[in-house]
>>> print(open('protein06.txt').read())   # compact mmCIF, C-alpha atoms
# COMPACT_ATOMS: atom_id res chain seq x y z
CA MET A 76 22.26 13.69 -10.41
CA THR A 77 24.54 14.49 -13.32
CA ASP A 78 26.83 11.48 -12.93
CA ARG A 79 24.24 8.94 -14.00
CA ASN A 80 24.70 7.18 -17.32
CA VAL A 81 21.75 8.01 -19.59
CA LEU A 82 20.40 5.02 -21.52
CA LEU A 83 17.31 6.52 -23.13
CA GLU A 84 15.58 9.84 -23.52
CA MET A 85 12.20 10.19 -25.15
CA VAL A 86 9.10 12.33 -25.16
CA LEU A 87 5.69 10.86 -24.45
CA GLU A 88 3.23 12.77 -26.57
CA PRO A 89 -0.24 13.55 -25.21
CA GLY A 90 -2.57 10.58 -25.49
CA THR A 91 0.26 8.04 -25.52
CA GLY A 92 2.17 5.74 -23.22
CA LYS A 93 5.23 3.50 -23.49
CA ALA A 94 6.18 0.13 -22.05
CA LEU A 95 9.84 0.13 -21.01
CA GLU A 96 11.92 -2.85 -19.90
CA MET A 97 13.88 -1.94 -16.81
CA LYS A 98 16.44 -4.22 -15.27
CA ALA A 99 16.92 -3.92 -11.53
CA GLY A 100 19.16 -0.95 -10.85
CA LEU A 101 17.80 1.29 -13.59
CA ILE A 102 16.04 4.57 -12.85
CA LEU A 103 13.10 5.99 -14.78
CA ARG A 104 12.72 9.75 -14.56
CA ILE A 105 9.25 11.03 -15.40
CA GLU A 106 9.58 14.75 -15.98
CA GLN A 107 7.36 17.70 -16.70
CA ILE A 108 8.18 19.53 -19.93
CA GLU A 109 5.61 22.30 -19.73
CA GLY A 110 4.25 21.49 -16.29
CA LEU A 111 0.71 20.76 -15.11
CA GLN A 112 0.47 17.22 -16.53
CA CYS A 113 -0.66 14.09 -14.69
CA VAL A 114 1.07 10.80 -15.56
CA ASP A 115 -0.45 7.39 -14.91
CA PHE A 116 1.94 4.57 -14.13
CA ASN A 117 2.04 0.88 -13.44
CA CYS A 118 4.72 -1.78 -13.63
CA PHE A 119 4.91 -5.55 -13.87
CA ASN A 120 7.48 -8.13 -12.85
CA LEU A 121 9.22 -8.50 -16.21
CA HIS A 122 9.43 -12.27 -15.73
CA ASP A 123 5.88 -12.84 -14.46
CA TYR A 124 3.18 -10.37 -15.46
CA LYS A 125 0.84 -11.69 -12.78
CA GLU A 126 2.91 -9.71 -10.30
CA PHE A 127 2.27 -5.99 -10.69
CA MET A 128 2.30 -2.73 -8.76
CA HIS A 129 -0.71 -2.71 -6.47
CA CYS A 130 -2.17 0.62 -5.40
CA GLY A 131 -4.04 -0.92 -2.48
CA ARG A 132 -0.93 -2.41 -0.91
CA THR A 133 1.08 0.75 -1.62
CA ARG A 134 -1.68 2.92 -0.17
CA THR A 135 -1.85 0.83 2.97
CA VAL A 136 1.85 1.18 3.64
CA HIS A 137 2.54 4.73 2.48
CA GLY A 138 -0.79 6.55 2.56
CA PHE A 139 -2.76 8.31 -0.16
CA HIS A 140 0.13 10.35 -1.57
CA PRO A 141 3.28 8.20 -1.85
CA THR A 142 6.37 10.31 -2.47
CA LYS A 143 10.14 10.22 -2.05
CA GLY A 144 11.12 7.34 0.20
CA ALA A 145 8.09 5.18 -0.58
CA PHE A 146 8.09 1.83 -2.35
CA LEU A 147 5.75 0.62 -5.07
CA TRP A 148 4.51 -2.74 -3.80
CA SER A 149 3.05 -5.71 -5.61
CA ALA A 150 -0.20 -7.33 -4.56
CA PRO A 151 -0.56 -10.20 -2.11
CA PRO A 152 0.60 -12.90 -2.01
CA ARG A 153 3.77 -11.55 -3.65
CA GLU A 154 3.98 -8.28 -1.67
CA ARG A 155 7.40 -7.27 -2.87
CA ALA A 156 8.82 -3.80 -3.27
CA LEU A 157 9.10 -3.54 -7.07
CA MET A 158 10.29 0.06 -7.27
CA TYR A 159 11.47 2.82 -4.96
CA ILE A 160 10.72 6.54 -5.25
CA LEU A 161 14.21 7.93 -5.19
CA GLU A 162 13.31 11.54 -5.91
CA ASP A 163 10.13 13.58 -6.15
CA THR A 164 10.43 17.32 -6.63
CA VAL A 165 6.71 17.91 -6.13
CA GLY A 166 5.56 15.40 -3.52
CA ARG A 167 1.98 15.13 -4.68
CA ASN A 168 1.03 11.78 -6.22
CA ASP A 169 -2.11 9.71 -5.91
CA VAL A 170 -3.15 6.12 -5.30
CA LEU A 171 -6.85 6.83 -4.71
CA PHE A 172 -8.15 7.12 -8.25
CA PRO A 173 -7.94 3.91 -10.26
CA ARG A 174 -7.49 5.44 -13.76
CA CYS A 175 -9.87 7.25 -16.07
CA SER A 176 -11.60 5.08 -18.64
CA ALA A 177 -13.66 5.30 -21.81
CA TYR A 178 -16.81 4.70 -19.76
CA VAL A 179 -16.15 7.86 -17.76
CA TYR A 180 -16.03 9.99 -20.89
CA GLU A 181 -19.06 8.39 -22.49
CA SER A 182 -21.24 8.43 -19.39
CA ALA A 183 -20.31 11.91 -18.24
CA TYR A 184 -19.36 13.72 -21.44
CA GLY A 185 -20.94 11.73 -24.29
CA PHE A 186 -17.68 10.69 -26.02
CA ASP A 187 -17.42 6.97 -26.74
CA ALA A 188 -13.88 7.51 -28.04
CA HIS A 189 -11.70 9.83 -25.97
CA THR A 190 -8.16 9.71 -24.63
CA ASN A 191 -8.31 7.88 -21.31
CA CYS A 192 -5.71 6.29 -19.07
CA HIS A 193 -7.07 2.77 -19.22
CA ASP A 194 -7.02 2.58 -22.99
CA ILE A 195 -3.66 4.34 -23.28
CA GLN A 196 -2.15 1.93 -20.77
CA ALA A 197 -3.71 -1.05 -22.55
CA GLU A 198 -2.38 0.08 -25.90
CA ALA A 199 1.12 0.68 -24.55
CA GLN A 200 1.40 -2.69 -22.85
CA ARG A 201 -0.12 -4.52 -25.83
CA GLU A 202 3.44 -4.33 -27.19
CA TYR A 203 4.20 -7.05 -24.63
CA GLY A 204 1.15 -9.22 -25.27
CA LEU A 205 -0.95 -7.94 -22.39
CA THR A 206 -4.69 -7.45 -22.77
CA PRO A 207 -6.98 -4.62 -21.65
CA ASP A 208 -7.94 -6.83 -18.71
CA ASP A 209 -4.31 -6.67 -17.59
CA VAL A 210 -4.45 -2.94 -16.83
CA HIS A 211 -4.43 -2.35 -13.10
CA ASP A 212 -5.11 0.65 -10.90
CA SER A 213 -2.52 3.31 -11.60
CA PHE A 214 -0.03 5.22 -9.53
CA ASN A 215 -0.94 8.76 -10.57
CA LEU A 216 2.05 11.05 -10.61
CA PHE A 217 1.53 14.77 -10.11
CA MET A 218 -2.18 14.21 -9.45
CA TYR A 219 -3.59 16.43 -6.70
CA THR A 220 -6.32 14.55 -4.90
CA GLU A 221 -8.03 14.95 -1.57
CA ILE A 222 -10.65 13.22 0.53
CA SER A 223 -13.77 15.29 1.10
CA ARG A 224 -15.63 15.35 4.40
CA ASP A 225 -18.24 12.97 3.03
CA GLY A 226 -15.52 10.43 2.21
CA ARG A 227 -15.28 10.95 -1.52
CA ALA A 228 -11.99 11.30 -3.36
CA THR A 229 -11.78 14.56 -5.26
CA ILE A 230 -9.38 15.98 -7.83
CA THR A 231 -8.04 19.48 -7.78
CA ARG A 232 -5.68 21.42 -10.03
CA GLN A 233 -1.94 20.94 -9.87
CA ASP A 234 0.87 23.50 -9.92
CA THR A 235 3.83 21.49 -11.24
CA LYS A 236 6.53 23.32 -13.18
CA PRO A 237 8.79 22.44 -16.12
CA GLY A 238 11.57 20.19 -14.83
CA ASP A 239 9.59 18.78 -11.93
CA HIS A 240 10.18 15.04 -11.87
CA VAL A 241 9.85 11.73 -10.08
CA ASP A 242 12.69 9.20 -10.19
CA LEU A 243 11.67 5.55 -9.86
CA LEU A 244 14.38 3.00 -9.10
CA ALA A 245 13.68 -0.56 -10.26
CA LEU A 246 14.40 -2.96 -7.40
CA VAL A 247 13.63 -5.99 -9.56
CA ASP A 248 13.37 -6.40 -13.34
CA VAL A 249 10.13 -4.67 -14.36
CA LEU A 250 8.10 -3.62 -17.36
CA ALA A 251 7.36 0.01 -16.52
CA VAL A 252 4.42 1.62 -18.28
CA PRO A 253 3.96 5.38 -17.89
CA ASN A 254 1.27 7.18 -19.85
CA VAL A 255 0.20 10.79 -20.30
CA CYS A 256 -3.15 11.00 -18.54
CA GLY A 257 -5.86 11.59 -21.11
CA ALA A 258 -8.10 13.75 -18.95
CA ASP A 259 -8.35 17.07 -20.80
CA VAL A 260 -11.88 17.93 -19.68
CA MET A 261 -11.11 17.43 -15.99
CA ARG A 262 -9.00 19.35 -13.49
CA THR A 263 -6.41 16.54 -13.32
CA SER A 264 -3.98 18.28 -15.69
CA ASN A 265 -5.59 21.73 -15.48
CA PHE A 266 -7.74 21.18 -18.59
CA ALA A 267 -4.95 20.61 -21.13
CA LEU A 268 -2.79 17.70 -22.32
CA LYS A 269 0.98 18.23 -22.44
CA PRO A 270 3.96 16.03 -23.36
CA ILE A 271 6.14 14.36 -20.74
CA LYS A 272 9.84 13.55 -20.86
CA LEU A 273 11.12 10.09 -19.95
CA THR A 274 14.76 9.38 -19.14
CA LEU A 275 16.23 6.00 -18.31
CA PHE A 276 19.41 6.07 -16.23
CA GLU A 277 21.77 3.54 -14.75
CA ALA A 278 21.68 4.03 -10.99
CA THR A 279 24.88 5.12 -9.34
CA ASP A 280 26.21 3.44 -6.21
CA ALA A 281 24.83 6.38 -4.24
CA ASP A 282 21.38 5.86 -5.78
CA LEU A 283 21.42 2.18 -4.86
CA ALA A 284 22.61 2.93 -1.35
CA ALA A 285 19.73 5.38 -0.88
CA ALA A 286 17.09 2.66 -1.20
CA PRO A 287 16.43 0.95 2.14
CA LYS A 288 16.39 -2.82 2.21
CA THR A 289 12.98 -4.38 2.70
CA PRO A 290 12.67 -7.67 4.55
CA ILE A 291 12.43 -10.93 2.62
CA LEU A 292 9.71 -12.92 4.33
CA LYS A 293 8.35 -16.44 4.03
CA SER A 294 4.88 -15.02 3.36
CA GLN A 295 6.02 -13.34 0.11
CA ARG A 296 4.83 -16.25 -1.96
CA THR A 297 5.51 -16.99 -5.62
CA PRO A 298 3.84 -19.49 -7.99
CA ARG A 299 6.21 -22.13 -6.58
CA ASP A 300 4.19 -21.88 -3.37
CA PHE A 301 0.74 -21.86 -4.97
CA ARG A 302 -1.59 -24.86 -4.82
CA ASN A 303 -2.62 -23.92 -8.37
CA PRO A 304 0.45 -22.41 -10.03
CA THR A 305 -0.88 -22.69 -13.58
CA ILE A 306 -2.36 -19.54 -15.13
CA LYS A 307 -5.96 -20.18 -16.17
CA THR A 308 -6.28 -19.73 -19.91
CA ASP A 309 -9.99 -20.29 -20.56
CA ARG A 310 -12.50 -17.60 -19.63
CA ARG A 311 -15.36 -19.62 -18.22
CA LEU A 312 -15.34 -20.44 -14.50
CA THR A 313 -16.12 -24.06 -13.69
CA ARG A 314 -15.95 -25.83 -10.36
CA ASP A 315 -13.01 -28.13 -9.59
CA SER A 316 -14.70 -31.31 -8.40
CA SER A 317 -11.52 -32.39 -6.59
CA TYR A 318 -11.31 -29.16 -4.58
CA VAL A 319 -10.81 -29.56 -0.87
CA ALA A 320 -10.66 -26.34 1.14
CA GLU A 321 -7.36 -25.69 2.96
CA PHE A 322 -7.82 -22.38 4.73
CA VAL A 323 -4.91 -21.35 6.90
CA ASN A 324 -5.02 -21.99 10.66
CA THR A 325 -8.54 -23.37 10.60
CA PRO A 326 -10.56 -24.22 12.49
CA ILE A 327 -10.11 -21.17 14.69
CA ARG A 328 -9.95 -22.43 18.27
CA LEU A 329 -10.92 -20.31 21.26
CA GLU A 330 -9.40 -20.41 24.71
CA ASP A 331 -10.39 -18.50 27.83
CA VAL A 332 -7.72 -16.66 29.80
CA ALA A 333 -8.83 -15.48 33.23
CA ILE A 334 -7.18 -12.63 35.08
CA GLU A 335 -7.87 -11.36 38.58
CA LEU A 336 -7.94 -7.58 38.52
CA SER A 337 -7.24 -5.63 41.68
CA ASP A 338 -9.46 -2.70 42.63
CA GLU A 339 -6.97 -0.36 40.99
CA GLU A 340 -6.76 -2.43 37.80
CA ALA A 341 -10.52 -2.75 37.53
CA ALA A 342 -10.75 1.03 37.71
CA MET A 343 -8.14 1.26 34.93
CA LEU A 344 -10.18 -1.09 32.78
CA ASP A 345 -13.29 0.97 33.29
CA ARG A 346 -11.48 4.17 32.41
CA LEU A 347 -10.02 2.70 29.23
CA ARG A 348 -12.92 0.59 28.00
CA LEU A 349 -14.61 1.59 24.75
CA PRO A 350 -18.41 2.00 24.69
CA VAL A 351 -18.74 -0.48 21.84
CA TYR A 352 -18.02 -3.34 24.27
CA GLU A 353 -20.81 -2.33 26.68
CA ALA A 354 -20.66 -4.71 29.66
CA ASP A 355 -18.29 -7.24 28.07
CA ASP A 356 -15.18 -6.94 30.26
CA GLY A 357 -13.29 -9.60 28.30
CA ALA A 358 -13.74 -7.88 24.96
CA ALA A 359 -12.82 -4.50 26.45
CA LEU A 360 -9.63 -5.88 27.99
CA ARG A 361 -8.74 -7.75 24.80
CA ASP A 362 -8.98 -4.48 22.89
CA ILE A 363 -6.70 -2.77 25.41
CA LEU A 364 -4.19 -5.62 25.15
CA PHE A 365 -3.93 -5.57 21.36
CA THR A 366 -4.07 -1.78 21.12
CA TRP A 367 -1.10 -1.75 23.50
CA TRP A 368 0.66 -4.29 21.29
CA GLU A 369 -0.03 -2.27 18.13
CA GLN A 370 1.22 0.95 19.65
CA LYS A 371 4.34 -0.68 21.06
CA PHE A 372 5.39 -2.89 18.18
CA LEU A 373 3.84 -1.62 14.95
CA GLY A 374 5.30 1.25 12.97
CA ALA A 375 2.01 2.86 11.99
CA ALA A 376 -0.48 1.63 14.54
CA GLU A 377 -2.81 4.55 14.07
CA SER A 378 -3.68 3.29 10.59
CA GLY A 379 -3.96 -0.27 11.84
CA ALA A 380 -1.24 -1.43 9.51
CA PRO A 381 2.49 -2.00 9.69
CA ALA A 382 4.73 0.42 7.85
CA ILE A 383 7.67 -1.67 6.73
CA GLY A 384 10.16 0.57 5.01
CA ASP A 385 7.90 3.58 5.34
CA ARG A 386 9.37 7.02 5.11
CA LYS A 387 9.67 9.04 8.26
CA ALA A 388 7.11 11.82 8.35
CA MET B 59 -14.23 0.22 42.66
CA ALA B 60 -14.17 -3.51 43.44
CA GLY B 61 -11.63 -5.84 41.88
CA ARG B 62 -13.01 -8.56 39.66
CA THR B 63 -12.15 -11.55 37.52
CA VAL B 64 -12.15 -10.91 33.78
CA VAL B 65 -12.19 -13.72 31.26
CA MET B 66 -10.70 -12.94 27.87
CA ARG B 67 -11.58 -15.19 24.97
CA LEU B 68 -8.60 -15.50 22.62
CA ASN B 69 -7.96 -17.65 19.59
CA GLN B 70 -4.84 -19.67 18.90
CA GLN B 71 -3.30 -16.97 16.72
CA GLN B 72 -3.81 -14.28 19.32
CA LEU B 73 -2.36 -16.54 21.97
CA GLU B 74 0.62 -17.25 19.75
CA LEU B 75 1.30 -13.52 19.43
CA ILE B 76 1.04 -13.15 23.19
CA ASP B 77 3.35 -16.09 23.79
CA ARG B 78 5.93 -14.78 21.31
CA THR B 79 5.82 -11.42 23.06
CA ILE B 80 6.46 -13.18 26.35
CA GLN B 81 9.39 -15.04 24.79
CA ARG B 82 10.85 -11.66 23.86
CA GLY B 83 10.98 -10.88 27.56
CA GLU B 84 8.05 -8.49 27.84
CA ALA B 85 6.49 -10.39 30.75
CA ALA B 86 6.76 -13.62 32.69
CA ASP B 87 3.47 -15.14 31.53
CA ARG B 88 0.15 -14.38 29.82
CA VAL B 89 -1.52 -12.85 32.82
CA ALA B 90 1.52 -10.71 33.57
CA LEU B 91 1.54 -9.47 29.99
CA ILE B 92 -2.14 -8.55 30.08
CA ARG B 93 -1.60 -6.76 33.37
CA LYS B 94 1.36 -4.87 31.92
CA ALA B 95 -0.66 -3.81 28.87
CA LEU B 96 -3.51 -2.57 31.06
CA ARG B 97 -1.22 -0.62 33.36
CA GLU B 98 0.82 0.93 30.53
CA GLN B 99 -2.28 1.98 28.62
CA ALA B 100 -3.78 3.48 31.76
CA ALA B 101 -0.55 5.38 32.44
CA LYS B 102 -0.51 6.64 28.87
CA GLN B 103 -4.09 7.85 29.22
CA SER B 104 -3.32 9.64 32.48
CA LYS B 105 -0.28 11.31 30.95
CA SER B 106 -2.31 12.40 27.95
CA ALA B 107 -5.09 13.79 30.16
CA ALA B 108 -2.55 15.75 32.22
CA ARG B 109 -1.31 17.69 29.17
>>> encode(input="protein06.txt", output="structure tokens")
Amino acid sequence: MTDRNVLLEMVLEPGTGKALEMKAGLILRIEQIEGLQCVDFNCFNLHDYKEFMHCGRTRTVHGFHPTKGAFLWSAPPRERALMYILEDTVGRNDVLFPRCSAYVYESAYGFDAHTNCHDIQAEAQREYGLTPDDVHDSFNLFMYTEISRDGRATITRQDTKPGDHVDLLALVDVLAVPNVCGADVMRTSNFALKPIKLTLFEATDADLAAAPKTPILKSQRTPRDFRNPTIKTDRRLTRDSSYVAEFVNTPIRLEDVAIELSDEEAAMLDRLRLPVYEADDGAALRDILFTWWEQKFLGAAESGAPAIGDRKA
Amino acid sequence: MAGRTVVMRLNQQQLELIDRTIQRGEAADRVALIRKALREQAAKQSKSAAR
């Protein structure tokens, strides 16, 4: 896009990160200069740092490698789309690995001081008063990861080129914090640290129109809805003697629903039933009922989760 | 294969989902909805097996 108004251009040097205020409607381009460099990223609601980009929620909705067309979601109970991936020239990002940390380099390599994504992120966001405990799992751009057969996440080398980029559109006001991944003795960035270019643009009307609208739901709660809206400021945990539990929809009440199955229907049940239910006809039929519901009404039933706003594969 | 009575144990949230689905016009009542689900899943399985 050449018709975007450029607000900022800067280079992130290896071992560094930068916290950037982004009003809704701004685009952050994270771009390879030399290629082959992983970038860790997170963002916060600029007006409430307790709301931040949550890898778990994002992973649930968009899978292990969110790319163009995916949203960056905040954690429950907020669960808002904070940013939208407007462009991704590579299509290989990661939400499996949390972030590398000093512990990794000391335990595995013997360095108690080494560039690492946690500390870089913490140092960058310290400009806004955030502490090292306020670093969250990162969205890892240009990081090639896979799941091995034994269920472990693994990292492999990347093949990004100069100019490859990801464009992130802010859907709400955010503090965006990209950092140059500090892993120089791992495959993450092919065993070398390189600079990264950042560009801040004003979105055009076409950019804004490209981002699908996500639903605004009653369950997307804010501190106004919390029973304890005040942020705890002391570190020690002590019991609230006035606490009375208020779990939702409890107690859970059970009701029996009986259904007369014909010969034909009983045969259907027996063909469809899963072995885990053994002789329990009710449990087997309940599974069939809700599996039917999932497949008919959920966008991504195979993963057991809805896919609101998900990209089309 | 003999027909039989099956008793499903459902909680209030599951029943609410079923009732909302009925309100959307999927079936006339709870039993009809369960029957529809069973028949559609069986048909899907048969179609899949035929491929």
>>> closest_atom_pairs(input="protein06.txt", of="chain A", to="chain B", cutoff="12 Å", atoms="only C-alpha atoms", output="JSON lines")
{"residue": "A:Val323", "atom": "CA", "partner": "B:Gln71", "partner_atom": "CA", "distance": 10.9}
{"residue": "A:Asn324", "atom": "CA", "partner": "B:Gln71", "partner_atom": "CA", "distance": 8.1}
{"residue": "A:Thr325", "atom": "CA", "partner": "B:Gln70", "partner_atom": "CA", "distance": 9.8}
{"residue": "A:Pro326", "atom": "CA", "partner": "B:Gln70", "partner_atom": "CA", "distance": 9.7}
{"residue": "A:Ile327", "atom": "CA", "partner": "B:Asn69", "partner_atom": "CA", "distance": 6.4}
{"residue": "A:Arg328", "atom": "CA", "partner": "B:Asn69", "partner_atom": "CA", "distance": 5.3}
{"residue": "A:Leu329", "atom": "CA", "partner": "B:Asn69", "partner_atom": "CA", "distance": 4.3}
{"residue": "A:Glu330", "atom": "CA", "partner": "B:Leu68", "partner_atom": "CA", "distance": 5.4}
{"residue": "A:Asp331", "atom": "CA", "partner": "B:Arg67", "partner_atom": "CA", "distance": 4.5}
{"residue": "A:Val332", "atom": "CA", "partner": "B:Met66", "partner_atom": "CA", "distance": 5.1}
{"residue": "A:Ala333", "atom": "CA", "partner": "B:Val65", "partner_atom": "CA", "distance": 4.3}
{"residue": "A:Ile334", "atom": "CA", "partner": "B:Val64", "partner_atom": "CA", "distance": 5.4}
{"residue": "A:Glu335", "atom": "CA", "partner": "B:Thr63", "partner_atom": "CA", "distance": 4.4}
{"residue": "A:Leu336", "atom": "CA", "partner": "B:Gly61", "partner_atom": "CA", "distance": 5.3}
{"residue": "A:Ser337", "atom": "CA", "partner": "B:Gly61", "partner_atom": "CA", "distance": 4.4}
{"residue": "A:Asp338", "atom": "CA", "partner": "B:Gly61", "partner_atom": "CA", "distance": 3.9}
{"residue": "A:Glu339", "atom": "CA", "partner": "B:Gly61", "partner_atom": "CA", "distance": 7.2}
{"residue": "A:Glu340", "atom": "CA", "partner": "B:Gly61", "partner_atom": "CA", "distance": 7.2}
{"residue": "A:Ala341", "atom": "CA", "partner": "B:Gly61", "partner_atom": "CA", "distance": 5.5}
{"residue": "A:Ala342", "atom": "CA", "partner": "B:Met59", "partner_atom": "CA", "distance": 6.1}
{"residue": "A:Met343", "atom": "CA", "partner": "B:Ala100", "partner_atom": "CA", "distance": 5.8}
{"residue": "A:Leu344", "atom": "CA", "partner": "B:Leu96", "partner_atom": "CA", "distance": 7.0}
{"residue": "A:Asp345", "atom": "CA", "partner": "B:Met59", "partner_atom": "CA", "distance": 9.4}
{"residue": "A:Arg346", "atom": "CA", "partner": "B:Ala100", "partner_atom": "CA", "distance": 7.8}
{"residue": "A:Leu347", "atom": "CA", "partner": "B:Ala100", "partner_atom": "CA", "distance": 6.8}
{"residue": "A:Arg348", "atom": "CA", "partner": "B:Ala100", "partner_atom": "CA", "distance": 10.3}
{"residue": "A:Ala354", "atom": "CA", "partner": "B:Val64", "partner_atom": "CA", "distance": 11.3}
{"residue": "A:Asp355", "atom": "CA", "partner": "B:Val64", "partner_atom": "CA", "distance": 9.2}
{"residue": "A:Asp356", "atom": "CA", "partner": "B:Val64", "partner_atom": "CA", "distance": 6.1}
{"residue": "A:Gly357", "atom": "CA", "partner": "B:Met66", "partner_atom": "CA", "distance": 4.2}
{"residue": "A:Ala358", "atom": "CA", "partner": "B:Met66", "partner_atom": "CA", "distance": 6.6}
{"residue": "A:Ala359", "atom": "CA", "partner": "B:Met66", "partner_atom": "CA", "distance": 8.8}
{"residue": "A:Leu360", "atom": "CA", "partner": "B:Met66", "partner_atom": "CA", "distance": 7.1}
{"residue": "A:Arg361", "atom": "CA", "partner": "B:Met66", "partner_atom": "CA", "distance": 6.3}
{"residue": "A:Asp362", "atom": "CA", "partner": "B:Met66", "partner_atom": "CA", "distance": 10.0}
{"residue": "A:Ile363", "atom": "CA", "partner": "B:Leu96", "partner_atom": "CA", "distance": 6.5}
{"residue": "A:Leu364", "atom": "CA", "partner": "B:Ala95", "partner_atom": "CA", "distance": 5.4}
{"residue": "A:Phe365", "atom": "CA", "partner": "B:Ala95", "partner_atom": "CA", "distance": 8.4}
{"residue": "A:Thr366", "atom": "CA", "partner": "B:Gln99", "partner_atom": "CA", "distance": 8.6}
{"residue": "A:Trp367", "atom": "CA", "partner": "B:Ala95", "partner_atom": "CA", "distance": 5.8}
{"residue": "A:Trp368", "atom": "CA", "partner": "B:Ala95", "partner_atom": "CA", "distance": 7.7}
{"residue": "A:Glu369", "atom": "CA", "partner": "B:Ala95", "partner_atom": "CA", "distance": 10.9}
{"residue": "A:Gln370", "atom": "CA", "partner": "B:Gln99", "partner_atom": "CA", "distance": 9.7}
{"residue": "A:Lys371", "atom": "CA", "partner": "B:Ala95", "partner_atom": "CA", "distance": 9.8}
{"residue": "A:Phe372", "atom": "CA", "partner": "B:Thr79", "partner_atom": "CA", "distance": 9.8}
>>> write_last_selection(input="protein06.txt", atoms="C-alpha atoms", output="short mmCIF file (atom, residue, chain, number, x, y, z; two decimals), in the coordinates of the input")
data_model
loop_
_atom_site.label_atom_id
_atom_site.label_comp_id
_atom_site.auth_asym_id
_atom_site.auth_seq_id
_atom_site.Cartn_x
_atom_site.Cartn_y
_atom_site.Cartn_z
CA VAL A 323 -4.91 -21.35 6.90
CA ASN A 324 -5.02 -21.99 10.66
CA THR A 325 -8.54 -23.37 10.60
CA PRO A 326 -10.56 -24.22 12.49
CA ILE A 327 -10.11 -21.17 14.69
CA ARG A 328 -9.95 -22.43 18.27
CA LEU A 329 -10.92 -20.31 21.26
CA GLU A 330 -9.40 -20.41 24.71
CA ASP A 331 -10.39 -18.50 27.83
CA VAL A 332 -7.72 -16.66 29.80
CA ALA A 333 -8.83 -15.48 33.23
CA ILE A 334 -7.18 -12.63 35.08
CA GLU A 335 -7.87 -11.36 38.58
CA LEU A 336 -7.94 -7.58 38.52
CA SER A 337 -7.24 -5.63 41.68
CA ASP A 338 -9.46 -2.70 42.63
CA GLU A 339 -6.97 -0.36 40.99
CA GLU A 340 -6.76 -2.43 37.80
CA ALA A 341 -10.52 -2.75 37.53
CA ALA A 342 -10.75 1.03 37.71
CA MET A 343 -8.14 1.26 34.93
CA LEU A 344 -10.18 -1.09 32.78
CA ASP A 345 -13.29 0.97 33.29
CA ARG A 346 -11.48 4.17 32.41
CA LEU A 347 -10.02 2.70 29.23
CA ARG A 348 -12.92 0.59 28.00
CA ALA A 354 -20.66 -4.71 29.66
CA ASP A 355 -18.29 -7.24 28.07
CA ASP A 356 -15.18 -6.94 30.26
CA GLY A 357 -13.29 -9.60 28.30
CA ALA A 358 -13.74 -7.88 24.96
CA ALA A 359 -12.82 -4.50 26.45
CA LEU A 360 -9.63 -5.88 27.99
CA ARG A 361 -8.74 -7.75 24.80
CA ASP A 362 -8.98 -4.48 22.89
CA ILE A 363 -6.70 -2.77 25.41
CA LEU A 364 -4.19 -5.62 25.15
CA PHE A 365 -3.93 -5.57 21.36
CA THR A 366 -4.07 -1.78 21.12
CA TRP A 367 -1.10 -1.75 23.50
CA TRP A 368 0.66 -4.29 21.29
CA GLU A 369 -0.03 -2.27 18.13
CA GLN A 370 1.22 0.95 19.65
CA LYS A 371 4.34 -0.68 21.06
CA PHE A 372 5.39 -2.89 18.18
#
>>> atom_distance(input="protein06.txt", atom1="CA of Arg104 in chain A", atom2="CA of Val81 in chain A")
10.5 Å
>>> atom_distance(input="protein06.txt", atom1="CA of Asp209 in chain A", atom2="CA of Tyr184 in chain A")
25.6 Å
>>> closest_residue(input="protein06.txt", among="A:Val170, A:Leu268, A:Val210, A:Cys175", to="Thr133 in chain A", atoms="all atoms listed in the file")
A:Val170
>>> residues_around(input="protein06.txt", residues="Leu205 in chain A", least_positions_apart="6", cutoff="12 Å", atoms="all atoms listed in the file", output="ChimeraX atom specification")
/A:94,119,121,123-125,196-199,211,250,252
>>> atom_distance(input="protein06.txt", atom1="CA of Ala245 in chain A", atom2="CA of Pro207 in chain A")
23.9 Å
>>> axis_aligned_box(input="protein06.txt", around="range 165-177 of chain A", padding_each_side="5 Å", output="JSON")
{"center_x": -3.5, "center_y": 10.9, "center_z": -12.7, "size_x": 30.4, "size_y": 24.0, "size_z": 28.3}
>>> closest_residue(input="protein06.txt", among="A:Arg155, A:Thr279, A:Gly204, A:Gly138", to="Lys293 in chain A", atoms="all atoms listed in the file")
A:Arg155
>>> residues_around(input="protein06.txt", residues="Lys236 in chain A", least_positions_apart="4", cutoff="9 Å", atoms="all atoms listed in the file", output="list in words")
Gln107, Ile108, Glu109, Gly110, Leu111 and Val165 of chain A
>>> closest_residue(input="protein06.txt", among="A:Arg153, A:Arg134, A:His140, A:Lys93", to="Arg299 in chain A", atoms="only C-alpha atoms")
A:Arg153
